[in-house]
Amino acid sequence: PATRTMKKIFTLVALAFTIASTSHLRAQGPEHIAGDVLVMYGDNPFISAETIDLLRQRRAAKDKPAVVVVGFTPPDPLRYGRLVTDKAGKLTAIVEFKDANAKQKKIGFCNSGVMAIDGKQLFPLLDRITDDNASREFYLTDIVEMARKAKLACAAIERPASEFIGVDSRALLAQAEEQIQQRLRVAAMDGGATLLDPSTVYFSMDTKIGRDVTIGQNVVFGPGVTVADRVEILPFCHIEGATVAEGARIGPFARLRPGAVIGRDAHIGNYVEIKNATVEDGAKANHLTYIGDARVGAKANVGAGTITCNYDGYF
C-alpha cells in the first residue's frame, strides 16, 4: 500500500537477508541507483503508508540528507539499536546495543531498521563499511557513520512504536493478528456498525460492512464478504465469499459459504448453510437447511430439513 503514496520512482529493496550479509549487497546491483532506495524488513507488517511518505518527504527536504532513518520510542528500549543525535537533532550514528556504552544505552530513541538512502551514495557508502564491531559483522546501520565521515547529512524521523512490531514467531504472529483485528473492529464501528461484543468479532482485510449493521457475538468474516446497510447478523455466524443485501437477517448459527448471495430483507436462520446459491429478496430459510447450487425465488419460504445440492458422483 505504501507505494501508492509515491510521487516519483522510489526503488524498493526488500532486505530479506540478515544484517550480517550486507557485504553481499554490493555485488547484487549496479554502481549507482537512480532515485532513492527504501530499506524495509519483511517481518514488520504494520508500517503505514504515511510513514513511508514522511520518509520520502524528509529525504527530499532542503538539506537533502543522504540517509534518513525511522526511529521510535518504545516503553522499554530492550536491546534495540540506539539512534544518536547531536544538539541540533541531526542523526550522527546508529549504535547496536552490544556496541553501545552506558550513556548510549540510556537513549530511548531506537532504530526501526527502516531507512531511505540516496541511490547515488548507496554503494560508495557500503564500500566503507567494515566489521570492526563486537560481532565482527557488517552492519548496514554503519552507513550513517560512513555518511557523516563523508560530510553528508543524515536525519531521523520518529513514528509510533506500534508500527514496528516484528513478527518472527507464531506467538508474535498471534499478537499481530490481534492488533490488526482491533483496528478493523474500530474501523467498522467508526463506519456506522454496531458490534455487540467487539472482541469476539473477526474480520478479514477486505470485509466491507455498511451502515447501521448490527453484528452479534462470535461472528467470523472470511475473505470476500460484502454486507450492505441495515443488516442484522446474530451470534455464532461464519460468513465467507458472500454478499448480503440491505435489511437481511442472518443467524444465529448460520454459515454463508463462497458464492452465497442473500437478497434484500431475506432471512437466513438457525443452522442454515448457503453455498453458491442465491436467496432472493424477502425469502426465508429459518431452520436446519442446506441450500447449495440453487436459486430461491423472492419471498419463498424454505422449510426445515430441506436440502438442495449438485452432487457429481464423486466424494
# chains A, B, ... in the order shown; residues from 1 in each chain; ligands from 1
>>> closest_atom_pairs(of="segment 130-164 of chain A", to="segment 108-115 of chain A", cutoff="9 Å", atoms="only C-alpha atoms", output="tab-separated table")
residue	atom	partner	partner_atom	distance
A:Leu140	CA	A:Gly113	CA	9.0
A:Thr141	CA	A:Gly113	CA	7.7
A:Ala156	CA	A:Met115	CA	8.7
A:Glu158	CA	A:Phe109	CA	8.3
A:Ala161	CA	A:Ser112	CA	8.8
A:Phe164	CA	A:Ser112	CA	6.5
>>> residues_around(residues="Gln179 of chain A", least_positions_apart="3", cutoff="12 Å", atoms="only C-alpha atoms", output="MDAnalysis selection string")
chainID A and resid 45:46 162:163 165 167 172:176 182:186 199 202:203
>>> closest_residue(among="A:Asp76, A:Lys120, A:Glu137, A:Ala66", to="Ile107 of chain A", atoms="only C-alpha atoms")
A:Asp76
>>> closest_residue(among="A:Ala88, A:Val279, A:Ile157, A:Ala34", to="Gln57 of chain A", atoms="only C-alpha atoms")
A:Ile157
>>> residues_around(residues="Asn133 of chain A", least_positions_apart="4", cutoff="10 Å", atoms="only C-alpha atoms", output="ChimeraX atom specification")
/A:96,98-99,137-139
>>> atom_distance(atom1="atom CA of Asp229 of chain A", atom2="atom CA of Val213 of chain A")
5.9 Å
>>> residues_around(residues="segment 281-296 of chain A", least_positions_apart="2", cutoff="7 Å", atoms="only C-alpha atoms", output="ChimeraX atom specification")
/A:263-279,298-310
>>> write_last_selection(atoms="N, CA and C atoms", output="PDB file, in the first residue's frame")
ATOM      1  N   GLY A 263     -30.517 -11.799  -0.652  1.00  0.00           N
ATOM      2  CA  GLY A 263     -31.235 -10.626  -1.142  1.00  0.00           C
ATOM      3  C   GLY A 263     -31.739  -9.722  -0.031  1.00  0.00           C
ATOM      4  N   ARG A 264     -32.357  -8.615  -0.442  1.00  0.00           N
ATOM      5  CA  ARG A 264     -32.900  -7.627   0.490  1.00  0.00           C
ATOM      6  C   ARG A 264     -33.957  -8.267   1.392  1.00  0.00           C
ATOM      7  N   ASP A 265     -33.848  -7.983   2.683  1.00  0.00           N
ATOM      8  CA  ASP A 265     -34.836  -8.406   3.681  1.00  0.00           C
ATOM      9  C   ASP A 265     -35.013  -9.920   3.755  1.00  0.00           C
ATOM     10  N   ALA A 266     -34.067 -10.685   3.224  1.00  0.00           N
ATOM     11  CA  ALA A 266     -34.127 -12.146   3.347  1.00  0.00           C
ATOM     12  C   ALA A 266     -33.707 -12.565   4.756  1.00  0.00           C
ATOM     13  N   HIS A 267     -34.168 -13.741   5.179  1.00  0.00           N
ATOM     14  CA  HIS A 267     -33.829 -14.275   6.496  1.00  0.00           C
ATOM     15  C   HIS A 267     -33.129 -15.619   6.337  1.00  0.00           C
ATOM     16  N   ILE A 268     -31.951 -15.736   6.945  1.00  0.00           N
ATOM     17  CA  ILE A 268     -31.222 -16.998   6.978  1.00  0.00           C
ATOM     18  C   ILE A 268     -31.036 -17.339   8.450  1.00  0.00           C
ATOM     19  N   GLY A 269     -31.669 -18.436   8.919  1.00  0.00           N
ATOM     20  CA  GLY A 269     -31.751 -18.647  10.353  1.00  0.00           C
ATOM     21  C   GLY A 269     -30.854 -19.712  10.926  1.00  0.00           C
ATOM     22  N   ASN A 270     -31.338 -20.358  12.009  1.00  0.00           N
ATOM     23  CA  ASN A 270     -30.555 -21.303  12.807  1.00  0.00           C
ATOM     24  C   ASN A 270     -30.056 -22.493  11.992  1.00  0.00           C
ATOM     25  N   TYR A 271     -28.766 -22.719  12.035  1.00  0.00           N
ATOM     26  CA  TYR A 271     -28.154 -23.895  11.405  1.00  0.00           C
ATOM     27  C   TYR A 271     -28.534 -24.032   9.929  1.00  0.00           C
ATOM     28  N   VAL A 272     -28.545 -22.902   9.257  1.00  0.00           N
ATOM     29  CA  VAL A 272     -28.777 -22.882   7.815  1.00  0.00           C
ATOM     30  C   VAL A 272     -27.446 -22.595   7.131  1.00  0.00           C
ATOM     31  N   GLU A 273     -27.137 -23.386   6.105  1.00  0.00           N
ATOM     32  CA  GLU A 273     -25.891 -23.222   5.359  1.00  0.00           C
ATOM     33  C   GLU A 273     -26.221 -22.943   3.893  1.00  0.00           C
ATOM     34  N   ILE A 274     -25.589 -21.883   3.355  1.00  0.00           N
ATOM     35  CA  ILE A 274     -25.819 -21.495   1.964  1.00  0.00           C
ATOM     36  C   ILE A 274     -24.473 -21.554   1.236  1.00  0.00           C
ATOM     37  N   LYS A 275     -24.465 -22.268   0.083  1.00  0.00           N
ATOM     38  CA  LYS A 275     -23.224 -22.364  -0.700  1.00  0.00           C
ATOM     39  C   LYS A 275     -23.532 -22.161  -2.173  1.00  0.00           C
ATOM     40  N   ASN A 276     -22.867 -21.193  -2.799  1.00  0.00           N
ATOM     41  CA  ASN A 276     -23.013 -20.965  -4.240  1.00  0.00           C
ATOM     42  C   ASN A 276     -24.485 -20.923  -4.649  1.00  0.00           C
ATOM     43  N   ALA A 277     -25.240 -20.155  -3.905  1.00  0.00           N
ATOM     44  CA  ALA A 277     -26.676 -20.091  -4.157  1.00  0.00           C
ATOM     45  C   ALA A 277     -27.172 -18.672  -3.914  1.00  0.00           C
ATOM     46  N   THR A 278     -28.283 -18.350  -4.573  1.00  0.00           N
ATOM     47  CA  THR A 278     -28.906 -17.041  -4.418  1.00  0.00           C
ATOM     48  C   THR A 278     -30.227 -17.185  -3.698  1.00  0.00           C
ATOM     49  N   VAL A 279     -30.384 -16.429  -2.625  1.00  0.00           N
ATOM     50  CA  VAL A 279     -31.665 -16.364  -1.913  1.00  0.00           C
ATOM     51  C   VAL A 279     -32.206 -14.968  -2.182  1.00  0.00           C
ATOM     52  N   ALA A 298     -37.870 -14.915  -4.862  1.00  0.00           N
ATOM     53  CA  ALA A 298     -38.288 -13.862  -3.935  1.00  0.00           C
ATOM     54  C   ALA A 298     -39.486 -14.309  -3.105  1.00  0.00           C
ATOM     55  N   LYS A 299     -39.417 -14.042  -1.811  1.00  0.00           N
ATOM     56  CA  LYS A 299     -40.484 -14.291  -0.835  1.00  0.00           C
ATOM     57  C   LYS A 299     -40.809 -15.769  -0.652  1.00  0.00           C
ATOM     58  N   ALA A 300     -39.946 -16.655  -1.158  1.00  0.00           N
ATOM     59  CA  ALA A 300     -40.150 -18.087  -0.908  1.00  0.00           C
ATOM     60  C   ALA A 300     -39.863 -18.402   0.553  1.00  0.00           C
ATOM     61  N   ASN A 301     -40.430 -19.484   1.042  1.00  0.00           N
ATOM     62  CA  ASN A 301     -40.198 -19.929   2.419  1.00  0.00           C
ATOM     63  C   ASN A 301     -39.703 -21.369   2.366  1.00  0.00           C
ATOM     64  N   VAL A 302     -38.427 -21.570   2.736  1.00  0.00           N
ATOM     65  CA  VAL A 302     -37.828 -22.904   2.699  1.00  0.00           C
ATOM     66  C   VAL A 302     -38.000 -23.551   4.066  1.00  0.00           C
ATOM     67  N   GLY A 303     -38.657 -24.698   4.101  1.00  0.00           N
ATOM     68  CA  GLY A 303     -38.949 -25.351   5.367  1.00  0.00           C
ATOM     69  C   GLY A 303     -37.754 -26.052   5.977  1.00  0.00           C
ATOM     70  N   ALA A 304     -37.869 -26.410   7.264  1.00  0.00           N
ATOM     71  CA  ALA A 304     -36.791 -27.076   7.991  1.00  0.00           C
ATOM     72  C   ALA A 304     -36.458 -28.427   7.363  1.00  0.00           C
ATOM     73  N   GLY A 305     -35.186 -28.759   7.362  1.00  0.00           N
ATOM     74  CA  GLY A 305     -34.744 -30.050   6.863  1.00  0.00           C
ATOM     75  C   GLY A 305     -34.602 -30.127   5.356  1.00  0.00           C
ATOM     76  N   THR A 306     -34.717 -29.017   4.644  1.00  0.00           N
ATOM     77  CA  THR A 306     -34.619 -29.008   3.181  1.00  0.00           C
ATOM     78  C   THR A 306     -33.158 -29.007   2.753  1.00  0.00           C
ATOM     79  N   ILE A 307     -32.865 -29.823   1.733  1.00  0.00           N
ATOM     80  CA  ILE A 307     -31.501 -29.871   1.186  1.00  0.00           C
ATOM     81  C   ILE A 307     -31.572 -29.735  -0.323  1.00  0.00           C
ATOM     82  N   THR A 308     -30.788 -28.824  -0.890  1.00  0.00           N
ATOM     83  CA  THR A 308     -30.571 -28.803  -2.338  1.00  0.00           C
ATOM     84  C   THR A 308     -29.073 -28.869  -2.569  1.00  0.00           C
ATOM     85  N   CYS A 309     -28.660 -29.662  -3.535  1.00  0.00           N
ATOM     86  CA  CYS A 309     -27.236 -29.784  -3.801  1.00  0.00           C
ATOM     87  C   CYS A 309     -27.015 -30.262  -5.231  1.00  0.00           C
ATOM     88  N   ASN A 310     -25.785 -30.207  -5.663  1.00  0.00           N
ATOM     89  CA  ASN A 310     -25.391 -30.618  -7.011  1.00  0.00           C
ATOM     90  C   ASN A 310     -24.290 -31.640  -6.878  1.00  0.00           C
TER      91      ASN A 310
END
>>> closest_residue(among="A:Arg159, A:Lys103, A:His238, A:Lys149", to="Glu50 of chain A", atoms="only C-alpha atoms")
A:Arg159
>>> atom_distance(atom1="atom CA of Gly35 of chain A", atom2="atom CA of Gly81 of chain A")
27.0 Å
>>> select_by_dssp(residues="segment 37-237 of chain A", states="strand (DSSP E or B)", output="PyMOL selection string")
chain A and resi 37-40+67-72+82-85+91-95+110-118+154-158+194-195+202+208-209+214-215+220-221+226-227+232-233
>>> closest_residue(among="A:Arg257, A:Arg58, A:Arg211, A:Arg82", to="Ile94 of chain A", atoms="only C-alpha atoms")
A:Arg82
